[in-house]
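Asks: Data: model_27.txt, compact mmCIF, C-alpha atoms and all ligand atoms.
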# COMPACT_ATOMS: atom_id res chain seq x y z
CA MET A 739 -24.93 16.16 14.81
CA ALA A 740 -21.81 15.60 12.72
CA VAL A 741 -18.75 17.62 13.75
CA THR A 742 -17.81 20.31 11.22
CA LYS A 743 -14.21 21.17 10.38
CA VAL A 744 -12.86 23.80 8.01
CA ILE A 745 -9.33 24.02 6.62
CA ARG A 746 -8.62 27.60 5.57
CA GLY A 747 -5.92 29.24 3.50
CA ALA A 748 -4.03 26.25 2.07
CA HIS A 749 -3.07 25.78 -1.56
CA ILE A 750 -5.64 23.12 -2.44
CA VAL A 751 -4.68 20.49 -5.03
CA THR A 752 -8.12 19.02 -5.69
CA MET A 753 -7.28 16.25 -8.22
CA ASP A 754 -10.88 16.78 -9.39
CA PRO A 755 -11.75 16.13 -13.08
CA GLY A 756 -10.57 19.66 -14.01
CA ARG A 757 -7.43 19.20 -11.84
CA ARG A 758 -8.25 22.55 -10.22
CA GLU A 759 -5.86 24.12 -7.75
CA LEU A 760 -7.16 26.95 -5.61
CA THR A 761 -6.78 28.81 -2.36
CA GLY A 762 -9.82 28.85 -0.12
CA SER A 763 -11.57 26.55 2.30
CA VAL A 764 -12.36 22.86 2.49
CA VAL A 765 -15.31 22.02 4.73
CA ILE A 766 -15.75 18.59 6.32
CA GLU A 767 -18.95 17.41 7.96
CA GLY A 768 -18.57 14.13 9.78
CA ASN A 769 -16.51 11.94 7.45
CA ARG A 770 -17.33 13.67 4.14
CA ILE A 771 -16.12 16.74 2.29
CA THR A 772 -19.06 19.11 1.83
CA ALA A 773 -17.54 22.24 0.24
CA VAL A 774 -14.36 23.13 -1.64
CA GLY A 775 -13.25 26.71 -2.34
CA GLU A 776 -16.23 28.79 -1.28
CA GLU A 777 -17.06 28.64 2.41
CA PRO A 778 -20.75 28.33 3.31
CA GLU A 779 -22.14 29.65 6.57
CA LEU A 780 -20.73 27.35 9.24
CA PRO A 781 -22.12 26.32 12.63
CA GLU A 782 -20.66 28.03 15.71
CA ARG A 783 -18.87 24.91 16.90
CA THR A 784 -16.79 24.47 13.75
CA THR A 785 -13.17 23.39 14.28
CA VAL A 786 -10.88 25.68 12.27
CA ILE A 787 -7.58 24.34 10.91
CA ASP A 788 -5.20 27.04 9.72
CA GLY A 789 -3.83 25.90 6.37
CA ARG A 790 -1.76 28.98 5.58
CA GLY A 791 1.77 28.06 4.52
CA CYS A 792 0.58 24.58 3.56
CA VAL A 793 -0.48 22.57 0.56
CA LEU A 794 -3.59 20.41 0.95
CA THR A 795 -3.81 17.21 -1.09
CA PRO A 796 -6.01 14.13 -1.07
CA GLY A 797 -4.56 11.57 1.37
CA LEU A 798 -2.01 9.25 -0.23
CA VAL A 799 -3.11 5.68 -0.97
CA ASN A 800 -0.61 2.86 -0.47
CA THR A 801 -1.35 -0.10 -2.76
CA HIS A 802 1.29 -2.63 -1.67
CA HIS A 803 2.77 -3.45 1.73
CA HIS A 804 3.81 -6.18 4.18
CA LEU A 805 3.39 -4.65 7.62
CA TYR A 806 5.10 -7.48 9.51
CA GLN A 807 8.39 -6.72 7.73
CA TRP A 808 8.96 -3.73 10.03
CA LEU A 809 10.47 -6.43 12.30
CA THR A 810 13.26 -7.16 9.81
CA ARG A 811 14.39 -3.80 8.46
CA GLY A 812 18.02 -3.48 7.46
CA GLN A 813 18.60 -7.18 6.74
CA ALA A 814 20.04 -8.75 3.59
CA VAL A 815 20.75 -5.21 2.49
CA ASP A 816 22.79 -5.99 -0.62
CA HIS A 817 20.77 -8.95 -1.89
CA ASP A 818 18.58 -9.35 -4.94
CA LEU A 819 14.99 -10.53 -4.48
CA PHE A 820 15.73 -14.25 -4.60
CA ASN A 821 18.60 -14.18 -2.11
CA TRP A 822 16.80 -11.65 0.07
CA LEU A 823 13.82 -14.04 0.32
CA VAL A 824 16.05 -17.03 1.01
CA SER A 825 17.76 -15.14 3.89
CA LEU A 826 14.57 -13.78 5.42
CA TYR A 827 12.08 -16.67 5.19
CA PRO A 828 13.80 -18.56 8.07
CA VAL A 829 13.50 -15.44 10.25
CA TRP A 830 9.88 -14.76 9.32
CA ARG A 831 9.11 -18.32 10.42
CA GLY A 832 9.19 -16.98 14.01
CA ILE A 833 6.55 -14.25 13.77
CA ASP A 834 3.45 -14.41 15.97
CA PRO A 835 0.26 -12.31 16.28
CA ASP A 836 1.61 -10.01 19.03
CA MET A 837 4.75 -9.21 17.02
CA VAL A 838 2.68 -8.51 13.94
CA TYR A 839 0.45 -6.13 15.95
CA THR A 840 3.50 -4.16 17.11
CA ALA A 841 5.09 -4.10 13.67
CA ALA A 842 1.81 -3.00 12.14
CA VAL A 843 1.39 -0.09 14.59
CA ALA A 844 4.97 1.08 13.93
CA SER A 845 4.64 0.72 10.18
CA LEU A 846 1.18 2.29 9.91
CA ALA A 847 2.30 5.19 12.09
CA GLN A 848 5.17 5.85 9.69
CA LEU A 849 2.78 5.68 6.73
CA ALA A 850 0.51 8.21 8.45
CA ARG A 851 3.42 10.54 9.21
CA THR A 852 4.25 10.50 5.50
CA GLY A 853 0.78 11.41 4.25
CA CYS A 854 -0.90 8.02 3.80
CA THR A 855 -4.59 7.82 4.70
CA SER A 856 -5.47 4.45 3.10
CA THR A 857 -3.33 1.38 2.83
CA THR A 858 -3.54 -2.21 1.81
CA ASP A 859 -1.48 -5.00 3.31
CA HIS A 860 -0.38 -8.33 1.87
CA HIS A 861 0.16 -10.84 4.66
CA TYR A 862 1.16 -14.30 3.52
CA VAL A 863 3.32 -15.74 6.36
CA PHE A 864 1.27 -17.92 8.73
CA PRO A 865 3.80 -20.03 10.68
CA LYS A 866 2.58 -23.39 11.91
CA THR A 867 4.70 -23.02 15.07
CA HIS A 868 3.11 -19.71 16.12
CA PRO A 869 -0.57 -19.95 15.23
CA GLY A 870 -3.14 -17.30 16.03
CA ASP A 871 -5.08 -14.54 14.38
CA ILE A 872 -2.36 -12.61 12.56
CA LEU A 873 -4.78 -10.90 10.17
CA GLY A 874 -6.90 -9.86 13.16
CA SER A 875 -3.77 -8.38 14.79
CA GLU A 876 -3.07 -6.05 11.92
CA ILE A 877 -6.72 -5.08 11.62
CA THR A 878 -6.69 -4.11 15.32
CA ALA A 879 -3.49 -2.11 14.72
CA ALA A 880 -5.02 -0.23 11.77
CA ALA A 881 -8.06 0.66 13.87
CA ALA A 882 -5.74 1.92 16.64
CA VAL A 883 -3.78 4.16 14.26
CA GLY A 884 -6.96 5.17 12.43
CA VAL A 885 -6.03 4.56 8.78
CA ARG A 886 -8.43 3.20 6.18
CA PHE A 887 -7.42 -0.41 5.66
CA HIS A 888 -7.62 -2.89 2.77
CA PRO A 889 -5.70 -5.91 4.10
CA THR A 890 -5.45 -9.03 1.98
CA ARG A 891 -5.51 -12.59 3.23
CA GLY A 892 -2.28 -13.75 1.59
CA SER A 893 -1.16 -17.33 1.22
CA MET A 894 1.54 -19.80 0.17
CA ASP A 895 0.93 -23.50 -0.52
CA LEU A 896 4.12 -24.33 -2.41
CA GLY A 897 6.89 -25.09 0.09
CA ARG A 898 10.40 -26.26 -0.55
CA SER A 899 9.45 -29.93 -0.64
CA ASP A 900 7.04 -29.17 -3.51
CA GLY A 901 9.57 -27.17 -5.51
CA GLY A 902 8.61 -23.77 -4.04
CA LEU A 903 10.86 -21.18 -2.42
CA PRO A 904 9.58 -20.84 1.19
CA PRO A 905 10.33 -23.33 4.01
CA ASP A 906 7.54 -25.89 4.54
CA GLU A 907 6.81 -24.57 8.07
CA ILE A 908 5.28 -21.37 6.70
CA VAL A 909 3.14 -22.77 3.91
CA GLN A 910 -0.40 -24.07 4.34
CA ASP A 911 -2.61 -26.60 2.58
CA THR A 912 -4.68 -25.20 -0.27
CA ASP A 913 -7.98 -26.16 1.40
CA GLU A 914 -6.92 -24.65 4.72
CA ILE A 915 -6.05 -21.39 2.92
CA LEU A 916 -9.38 -21.24 1.09
CA GLU A 917 -11.27 -21.86 4.33
CA ALA A 918 -9.29 -19.14 6.11
CA SER A 919 -9.85 -16.77 3.15
CA GLU A 920 -13.59 -17.36 3.30
CA LYS A 921 -13.59 -16.77 7.06
CA ALA A 922 -11.56 -13.56 6.72
CA ILE A 923 -14.13 -12.17 4.30
CA SER A 924 -17.06 -13.22 6.52
CA ASP A 925 -15.45 -11.86 9.68
CA TRP A 926 -14.05 -8.57 8.46
CA HIS A 927 -15.06 -7.37 4.99
CA ASP A 928 -17.24 -4.26 4.98
CA PRO A 929 -18.54 -3.49 1.47
CA ALA A 930 -20.64 -0.49 2.60
CA PRO A 931 -19.99 3.05 1.31
CA GLY A 932 -17.41 4.82 3.47
CA SER A 933 -15.92 1.48 4.54
CA MET A 934 -12.78 1.62 6.72
CA LEU A 935 -12.05 -2.10 6.18
CA ARG A 936 -12.16 -4.23 3.07
CA ILE A 937 -10.56 -7.64 2.60
CA GLY A 938 -8.87 -8.96 -0.53
CA LEU A 939 -7.34 -12.35 -1.39
CA ALA A 940 -3.65 -12.57 -2.23
CA PRO A 941 -1.71 -15.78 -2.95
CA CYS A 942 1.93 -14.68 -2.71
CA SER A 943 3.55 -15.28 -6.12
CA PRO A 944 4.05 -17.93 -8.82
CA PHE A 945 7.10 -19.11 -6.80
CA SER A 946 5.09 -19.91 -3.68
CA ALA A 947 1.45 -20.40 -4.75
CA SER A 948 0.20 -23.34 -6.81
CA ALA A 949 -1.93 -22.97 -9.93
CA ASP A 950 -4.82 -24.52 -7.99
CA LEU A 951 -4.52 -21.93 -5.24
CA LEU A 952 -4.44 -19.05 -7.72
CA ARG A 953 -7.44 -20.43 -9.65
CA GLU A 954 -9.54 -21.24 -6.59
CA SER A 955 -8.74 -17.92 -4.90
CA ALA A 956 -9.98 -16.07 -8.00
CA ILE A 957 -13.21 -18.09 -8.00
CA LEU A 958 -13.77 -17.43 -4.29
CA ALA A 959 -12.99 -13.70 -4.62
CA ARG A 960 -15.56 -13.35 -7.36
CA GLU A 961 -18.19 -15.31 -5.44
CA ARG A 962 -17.70 -12.97 -2.48
CA ASN A 963 -17.09 -9.80 -4.49
CA VAL A 964 -13.65 -8.96 -3.05
CA ARG A 965 -10.45 -7.95 -4.83
CA LEU A 966 -7.45 -10.05 -5.88
CA HIS A 967 -3.80 -9.16 -5.42
CA THR A 968 -0.42 -10.81 -5.97
CA HIS A 969 3.21 -10.09 -6.88
CA LEU A 970 3.86 -10.28 -10.62
CA ALA A 971 6.79 -9.81 -13.01
CA GLU A 972 8.96 -8.33 -10.27
CA THR A 973 12.25 -9.60 -11.70
CA GLN A 974 13.66 -10.78 -15.01
CA ALA A 975 14.35 -14.12 -13.31
CA GLU A 976 10.62 -14.53 -12.71
CA VAL A 977 9.88 -13.91 -16.39
CA GLU A 978 12.44 -16.55 -17.37
CA PHE A 979 11.05 -19.00 -14.80
CA CYS A 980 7.47 -18.55 -16.06
CA GLU A 981 8.50 -18.93 -19.67
CA ALA A 982 10.57 -22.06 -18.94
CA HIS A 983 8.19 -23.81 -16.52
CA LEU A 984 4.73 -22.24 -16.65
CA GLY A 985 4.09 -21.92 -20.35
CA GLY A 986 4.38 -18.18 -21.03
CA SER A 987 5.01 -14.75 -19.57
CA PRO A 988 3.96 -14.14 -15.94
CA LEU A 989 0.80 -12.38 -17.12
CA GLU A 990 -0.06 -15.13 -19.61
CA TYR A 991 0.29 -17.67 -16.82
CA VAL A 992 -1.95 -15.94 -14.29
CA SER A 993 -4.44 -14.87 -17.01
CA ARG A 994 -5.11 -18.54 -17.71
CA LEU A 995 -6.01 -18.91 -14.01
CA GLY A 996 -8.55 -16.07 -14.06
CA TRP A 997 -6.27 -13.32 -12.83
CA THR A 998 -7.16 -10.32 -14.98
CA GLY A 999 -9.97 -7.81 -14.61
CA PRO A 1000 -10.86 -4.55 -12.89
CA ASP A 1001 -10.96 -6.43 -9.55
CA VAL A 1002 -7.28 -7.53 -9.81
CA TRP A 1003 -4.11 -5.60 -9.07
CA PHE A 1004 -0.49 -6.71 -9.29
CA ALA A 1005 2.45 -5.51 -7.22
CA HIS A 1006 5.55 -4.41 -9.19
CA ALA A 1007 4.83 -5.45 -12.81
CA VAL A 1008 8.37 -4.29 -13.63
CA HIS A 1009 9.13 -6.67 -16.50
CA LEU A 1010 6.16 -6.48 -18.86
CA ASP A 1011 6.27 -6.86 -22.62
CA ASP A 1012 4.06 -4.76 -24.91
CA GLU A 1013 1.40 -7.51 -25.14
CA SER A 1014 1.15 -7.66 -21.35
CA ILE A 1015 0.70 -3.89 -21.06
CA ALA A 1016 -2.04 -4.01 -23.72
CA ALA A 1017 -3.74 -6.91 -21.91
CA LEU A 1018 -3.69 -5.07 -18.58
CA ALA A 1019 -5.24 -2.01 -20.23
CA GLU A 1020 -7.89 -4.00 -22.04
CA THR A 1021 -8.97 -5.84 -18.89
CA GLY A 1022 -8.70 -2.87 -16.50
CA THR A 1023 -6.21 -4.75 -14.32
CA GLY A 1024 -4.27 -2.49 -11.94
CA VAL A 1025 -0.61 -2.13 -10.98
CA ALA A 1026 0.99 -1.18 -7.65
CA HIS A 1027 4.23 0.55 -8.66
CA CYS A 1028 6.86 0.26 -5.90
CA PRO A 1029 9.86 2.29 -7.11
CA THR A 1030 11.88 2.32 -3.87
CA SER A 1031 11.64 -1.41 -3.20
CA ASN A 1032 12.34 -2.26 -6.86
CA ALA A 1033 15.46 -0.09 -6.74
CA ARG A 1034 16.54 -1.41 -3.32
CA LEU A 1035 16.45 -5.00 -4.64
CA GLY A 1036 17.89 -4.04 -8.04
CA ALA A 1037 14.78 -5.45 -9.75
CA GLY A 1038 14.43 -2.72 -12.38
CA ILE A 1039 12.13 0.22 -13.13
CA ALA A 1040 8.54 -0.41 -14.22
CA ARG A 1041 7.35 0.98 -17.57
CA VAL A 1042 5.05 3.47 -15.89
CA ARG A 1043 4.94 5.92 -18.76
CA GLU A 1044 3.71 3.21 -21.13
CA LEU A 1045 1.33 1.77 -18.55
CA ARG A 1046 -0.25 5.20 -18.04
CA ALA A 1047 -0.38 5.92 -21.76
CA ALA A 1048 -2.15 2.61 -22.35
CA GLY A 1049 -4.73 3.45 -19.67
CA VAL A 1050 -3.69 0.90 -17.03
CA PRO A 1051 -4.73 1.94 -13.48
CA VAL A 1052 -1.42 2.57 -11.63
CA GLY A 1053 -1.02 3.34 -7.94
CA LEU A 1054 2.05 3.53 -5.69
CA GLY A 1055 3.22 1.16 -2.98
CA VAL A 1056 5.95 1.33 -0.36
CA ASP A 1057 6.21 -2.49 -0.26
CA GLY A 1058 7.34 -4.09 3.02
CA ALA A 1059 9.84 -2.32 5.25
CA ALA A 1060 12.35 -5.16 4.79
CA SER A 1061 12.90 -3.85 1.26
CA ASN A 1062 12.07 -0.20 1.97
CA GLU A 1063 13.43 0.80 5.35
CA GLY A 1064 12.03 4.35 5.00
CA THR A 1065 8.41 3.30 4.36
CA SER A 1066 7.48 6.83 3.29
CA MET A 1067 4.54 7.39 0.97
CA ILE A 1068 5.58 10.92 -0.07
CA GLU A 1069 9.02 9.58 -0.97
CA GLU A 1070 7.32 6.99 -3.16
CA VAL A 1071 5.69 9.85 -5.07
CA ARG A 1072 9.06 11.53 -5.47
CA HIS A 1073 10.80 8.33 -6.50
CA ALA A 1074 8.07 7.54 -9.05
CA LEU A 1075 8.85 10.86 -10.72
CA LEU A 1076 12.62 10.50 -10.54
CA PHE A 1077 12.76 6.90 -11.74
CA ALA A 1078 10.30 7.52 -14.58
CA ARG A 1079 12.64 10.28 -15.77
CA ALA A 1080 15.76 8.18 -15.22
CA ARG A 1081 14.20 5.55 -17.43
CA ASP A 1082 12.38 7.58 -20.08
CA GLY A 1083 13.64 11.17 -20.05
CA ALA A 1084 12.74 14.47 -18.42
CA ASP A 1085 9.27 14.59 -19.96
CA ALA A 1086 8.29 11.13 -18.66
CA MET A 1087 6.40 12.43 -15.62
CA THR A 1088 5.46 15.77 -14.06
CA ALA A 1089 5.15 16.48 -10.34
CA ARG A 1090 1.37 16.59 -10.70
CA GLN A 1091 1.29 13.27 -12.53
CA ALA A 1092 3.39 11.69 -9.77
CA LEU A 1093 0.99 13.04 -7.14
CA GLU A 1094 -1.90 11.69 -9.21
CA LEU A 1095 -0.41 8.18 -9.02
CA GLY A 1096 -0.28 8.46 -5.22
CA THR A 1097 -3.88 9.69 -4.89
CA LEU A 1098 -6.34 9.04 -7.74
CA GLY A 1099 -4.22 6.18 -9.07
CA GLY A 1100 -4.15 4.38 -5.73
CA ALA A 1101 -7.88 4.90 -5.22
CA ALA A 1102 -8.57 3.34 -8.65
CA VAL A 1103 -6.30 0.37 -7.95
CA LEU A 1104 -8.14 -0.35 -4.67
CA GLY A 1105 -11.54 0.11 -6.33
CA ARG A 1106 -12.35 3.25 -4.34
CA SER A 1107 -12.41 5.93 -7.07
CA ALA A 1108 -15.97 6.95 -6.22
CA GLU A 1109 -15.02 7.86 -2.64
CA LEU A 1110 -11.27 8.52 -2.43
CA GLY A 1111 -8.39 10.13 -4.31
CA SER A 1112 -9.63 13.71 -4.81
CA ILE A 1113 -10.92 16.70 -2.87
CA GLU A 1114 -14.51 17.08 -4.01
CA PRO A 1115 -17.85 17.56 -2.24
CA GLY A 1116 -19.31 14.15 -1.40
CA LYS A 1117 -15.99 12.33 -1.21
CA LEU A 1118 -14.62 10.91 2.03
CA ALA A 1119 -12.61 13.35 4.13
CA ASP A 1120 -9.15 11.76 3.74
CA LEU A 1121 -6.73 14.67 3.46
CA ALA A 1122 -3.06 15.53 3.94
CA LEU A 1123 -1.98 19.05 4.89
CA TRP A 1124 1.73 19.56 4.22
CA ARG A 1125 3.76 22.45 5.66
CA ILE A 1126 5.88 24.12 2.99
CA ASP A 1127 6.65 27.55 4.48
CA GLY A 1128 9.83 26.53 6.34
CA PRO A 1129 13.43 26.83 5.16
CA LEU A 1130 13.30 23.51 3.31
CA HIS A 1131 10.72 24.77 0.82
CA THR A 1132 10.54 28.57 0.80
CA GLY A 1133 11.81 29.87 -2.52
CA ILE A 1134 10.24 27.01 -4.48
CA GLU A 1135 7.44 28.91 -6.15
CA ASP A 1136 5.20 26.03 -7.23
CA PRO A 1137 3.69 24.34 -4.13
CA VAL A 1138 3.31 20.97 -5.91
CA VAL A 1139 6.94 21.04 -7.00
CA ALA A 1140 7.91 21.91 -3.39
CA LEU A 1141 5.91 18.92 -2.15
CA VAL A 1142 6.97 16.34 -4.72
CA MET A 1143 10.48 17.40 -5.72
CA GLY A 1144 11.60 19.11 -2.50
CA ALA A 1145 12.52 17.42 0.77
CA PRO A 1146 9.62 15.46 2.29
CA PRO A 1147 7.64 18.08 4.21
CA LEU A 1148 6.12 17.84 7.68
CA VAL A 1149 2.54 16.59 7.72
CA GLU A 1150 0.81 19.42 9.58
CA ARG A 1151 -2.46 17.47 9.75
CA LEU A 1152 -3.54 14.08 8.41
CA ILE A 1153 -7.28 13.56 8.36
CA VAL A 1154 -8.83 10.14 7.81
CA ASP A 1155 -12.60 9.73 7.64
CA GLY A 1156 -12.94 13.24 9.06
CA ARG A 1157 -10.72 12.49 12.07
CA VAL A 1158 -7.30 14.06 12.70
CA ILE A 1159 -4.72 11.29 13.23
CA VAL A 1160 -1.48 13.27 12.73
CA GLU A 1161 -0.76 16.72 14.16
CA GLU A 1162 2.48 18.56 13.39
CA GLY A 1163 4.15 15.33 12.30
CA ASN A 1164 3.07 13.28 15.33
CA VAL A 1165 0.59 10.44 15.32
CA VAL A 1166 -2.00 11.37 17.96
CA THR A 1167 -3.98 8.12 18.01
CA ALA A 1168 -1.73 5.12 18.74
CA ASP A 1169 1.48 5.24 20.80
CA ALA A 1170 4.04 4.96 18.00
CA GLU A 1171 7.02 5.50 20.32
CA LYS A 1172 5.96 2.65 22.56
CA ALA A 1173 5.50 0.44 19.48
CA ALA A 1174 9.04 1.30 18.33
CA LYS A 1175 10.39 0.10 21.72
CA VAL A 1176 8.34 -3.10 21.67
CA VAL A 1177 9.64 -3.81 18.15
CA ILE A 1178 13.18 -4.04 19.57
CA THR A 1179 12.04 -6.64 22.12
CA ALA A 1180 10.12 -8.56 19.46
CA GLN A 1181 13.17 -8.58 17.20
CA LYS A 1182 15.28 -10.21 19.92
CA VAL A 1183 12.72 -13.01 20.28
CA LEU A 1184 12.56 -13.38 16.51
CA TRP A 1185 16.34 -13.78 16.21
CA GLN A 1186 16.36 -16.27 19.09
CA ARG A 1187 13.68 -18.29 17.32
CA ALA A 1188 15.60 -18.09 14.03
CA GLY A 1189 18.73 -19.35 15.83
CA ALA A 1190 16.78 -22.16 17.46
CA GLY A 1191 15.22 -23.13 14.11
ZN ZN A 1201 5.71 -7.25 -1.83
Here is the file; what I need is its structure written in the form of C-alpha cells.
Replies:
Amino acid sequence: MAVTKVIRGAHIVTMDPGRRELTGSVVIEGNRITAVGEEPELPERTTVIDGRGCVLTPGLVNTHHHLYQWLTRGQAVDHDLFNWLVSLYPVWRGIDPDMVYTAAVASLAQLARTGCTSTTDHHYVFPKTHPGDILGSEITAAAAVGVRFHPTRGSMDLGRSDGGLPPDEIVQDTDEILEASEKAISDWHDPAPGSMLRIGLAPCSPFSASADLLRESAILARERNVRLHTHLAETQAEVEFCEAHLGGSPLEYVSRLGWTGPDVWFAHAVHLDDESIAALAETGTGVAHCPTSNARLGAGIARVRELRAAGVPVGLGVDGAASNEGTSMIEEVRHALLFARARDGADAMTARQALELGTLGGAAVLGRSAELGSIEPGKLADLALWRIDGPLHTGIEDPVVALVMGAPPLVERLIVDGRVIVEEGNVVTADAEKAAKVVITAQKVLWQRAGAG
C-alpha cells in the first residue's frame, strides 16, 4: 500500500486556478497529492510533517541549466558572454563522465536545497579526447539526488574551422549527433504519466550549431515526440550576427528551421522585438528566463512583463553555475521580481507572479502543466516547505512576501514524487559534502588538462 504523508499547519500557496492560499493540511499518498485543506480520515501509519511556521509551495521548476559547469565556477568573472565562452571552452574540453557525475550531484544538491524539485539540463560538450556516457552520468546523478529530471541531449557541429565559436575538439559531426540523440531518446525517455525522466534535444546556439543540425533535430524531436531547447537572443551581439549573416532576427532564423511551437522552449530570449514576442505567443513557444546569469554576463534584462502579457509561457532558469555561482532557484524567483521592476517599474511584477513563474510557468515550459506546478488533488507530490518563523522573516506579515522578497529561507522539507529529499536544509539522499570534495579533485585534473591542451 502507498505510504501516506500529511503536512499540517503551513500557509499553503496552492497556485491552483483560483490561486487559493489557505492554512490546513496537504495529504500525499504515494507520489500524488490526494487532499488539500480539509483532512480526510488517515491511516494509522501516516507520516506527519509539522508545517507550522512554514509556507508550503509547489516545488520550483528549473528550465535552464548546464550541470557540468559546477566544475568551473568563479572563472572569467568580469567577461561578457562571448569572452566568457572563449575563455571557458578550452577548459571544458577536459571534462569526462566521472567529473560530470560529481558536478551534477553537487549542482543538483544545491538546486534541491533551494527549493527545486524538477530540473532540465542542457549538455552540449562531448569532448573527443574523453569519450563516454556523459548524459548517462548526469541521469545517474539525478536519480541519486532524487529530483525529477528533463535532461536534453545538446550538441555543437560548428567548430572554429567552420566559422563557429567552440574549438573543433568539442564539436561532433551532424550525423553522429543525430544518431546519439536518437539513442538517448530510446535509452532514457519515459513519456508515461508521473515520469521522473524525459529527454529533449538541444543544439547549443546559432553560433555553434549548423542550420542542418537545427532543422534535423526538430524533425527527429517531432518524430519521437520529445521537446526542443536552445539558447536564443541572449545578447545584442547575437541579434546583430543573425541579422548580418543569417537573414533576420534570431527568432526569424530558427523559425525557418522549424523551431517554434508548444514543444519548443528558448533559454534567455533577452533581446526580442515586438514581432518576436507576438510570434512566440501565437505559436505557444516557451521561454526560460535566467535573470541572474543574464545580469552576471551583462547580457540585459528580458522583457518578461510583455512576454507574460502576450501569453508566452515563461519559466525560470538558474543557467549553468559558471555564470551563476549561487545556483539558487529561490533567488531566481527573487531576481525575476527585482529585475522586472528595475526594467519596467514597481508594478511590473508581484511576489505571487514571480513565484508563479518558478512553479506553474516552469511546468508549462517543460510540458508538465497537467502534473506539476500547483498543489491540487491528483497532481504529483513535488512540494517545498520553507521555514519563515526565524529572525530573518518574522515581522514580515505576508508569507509570500517573506519567501520571495526576504532572505532565502531554509527548506524545511523538499518532497519529490512523494519522497523527502531535503530535511532542515540538508540533502538526505546523495552525499553532497563528498561531491563537493571530489569537485576540488576534478577541478585540478581539469586545469592540468587545460594546461596540457
Ligand atoms: Zn545556458
Asks: Do you know which residues are at most 7 Å from range 1024-1030 of chain A counting only C-alpha atoms, after dropping those on the same chain fewer than 2 positions away, and could you put them as an NGL selection string?
Replies: :A and (801-802 or 1000 or 1002-1007 or 1022 or 1032-1034 or 1039 or 1050-1057 or 1062 or 1070 or 1073-1074 or 1103)
Asks: Would you mind listing what lies within 8 Å of Ser955 in chain A as a PyMOL selection string, with all atoms listed in the file counted and same-chain residues fewer than 2 positions away left out?
Replies: chain A and resi 916+939-941+951-953+957-959
Asks: For the atom pair CA of His888 in chain A and CA of Arg936 in chain A, what is the interatomic distance in Å to one decimal place?
Replies: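 For CA of His888 in chain A relative to CA of Arg936 in chain A, the distance reads 4.7 Å.
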Asks: Could you tell me how far CA of Val1042 in chain A sits from CA of Ala1078 in chain A, in Å to one decimal place?
Replies: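 Between these atoms lies a distance of 6.8 Å.
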Asks: Counting only C-alpha atoms, note down every residue that has an atom within 9 Å of the point (5.8, -3.4, 2.1) (file coordinates), as a PyMOL selection string.
Replies: chain A and resi 802-808+859-860+1028+1031+1055-1062+1065
Asks: Within 12 Å of Thr761 in chain A, counting all atoms listed in the file, which residues qualify if same-chain residues fewer than 2 places away don't, as a PyMOL selection string?
Replies: chain A and resi 745-752+758-759+763-764+774-777+789-794+1137
Asks: Choose the residue, out of A:Glu1020, A:Glu1109, A:Asp1169, A:Glu978, that has the smallest atom-to-atom separation from Gly932 in chain A; count all atoms listed in the file.
Replies: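 With all atoms listed in the file as the atom set, the closest residue is A:Glu1109.
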Asks: Compare A:Leu935, A:Leu1035, A:Leu1110, A:Ala982 by their minimum atom-to-atom distance to ligand ZN 1201 (chain A), counting all atoms listed in the file, and give me the closest one.
Replies: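 Among the listed residues, the smallest separation from ligand ZN 1201 (chain A) belongs to A:Leu1035.
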Asks: Do you know which residues lie at most 10 Å from (-17.1, 6.3, -4.8), with coordinates as in the file and only C-alpha atoms counted, and could you write them as a list in words?
Replies: Pro931, Gly932, Ala1101, Ala1102, Gly1105, Arg1106, Ser1107, Ala1108, Glu1109, Leu1110, Gly1111, Gly1116, Lys1117 and Leu1118 of chain A
Asks: Tell me, in Å to one decimal, how far CA of Leu798 in chain A is from CA of Cys942 in chain A.
Replies: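 Going from CA of Leu798 in chain A over to CA of Cys942 in chain A covers 24.4 Å.
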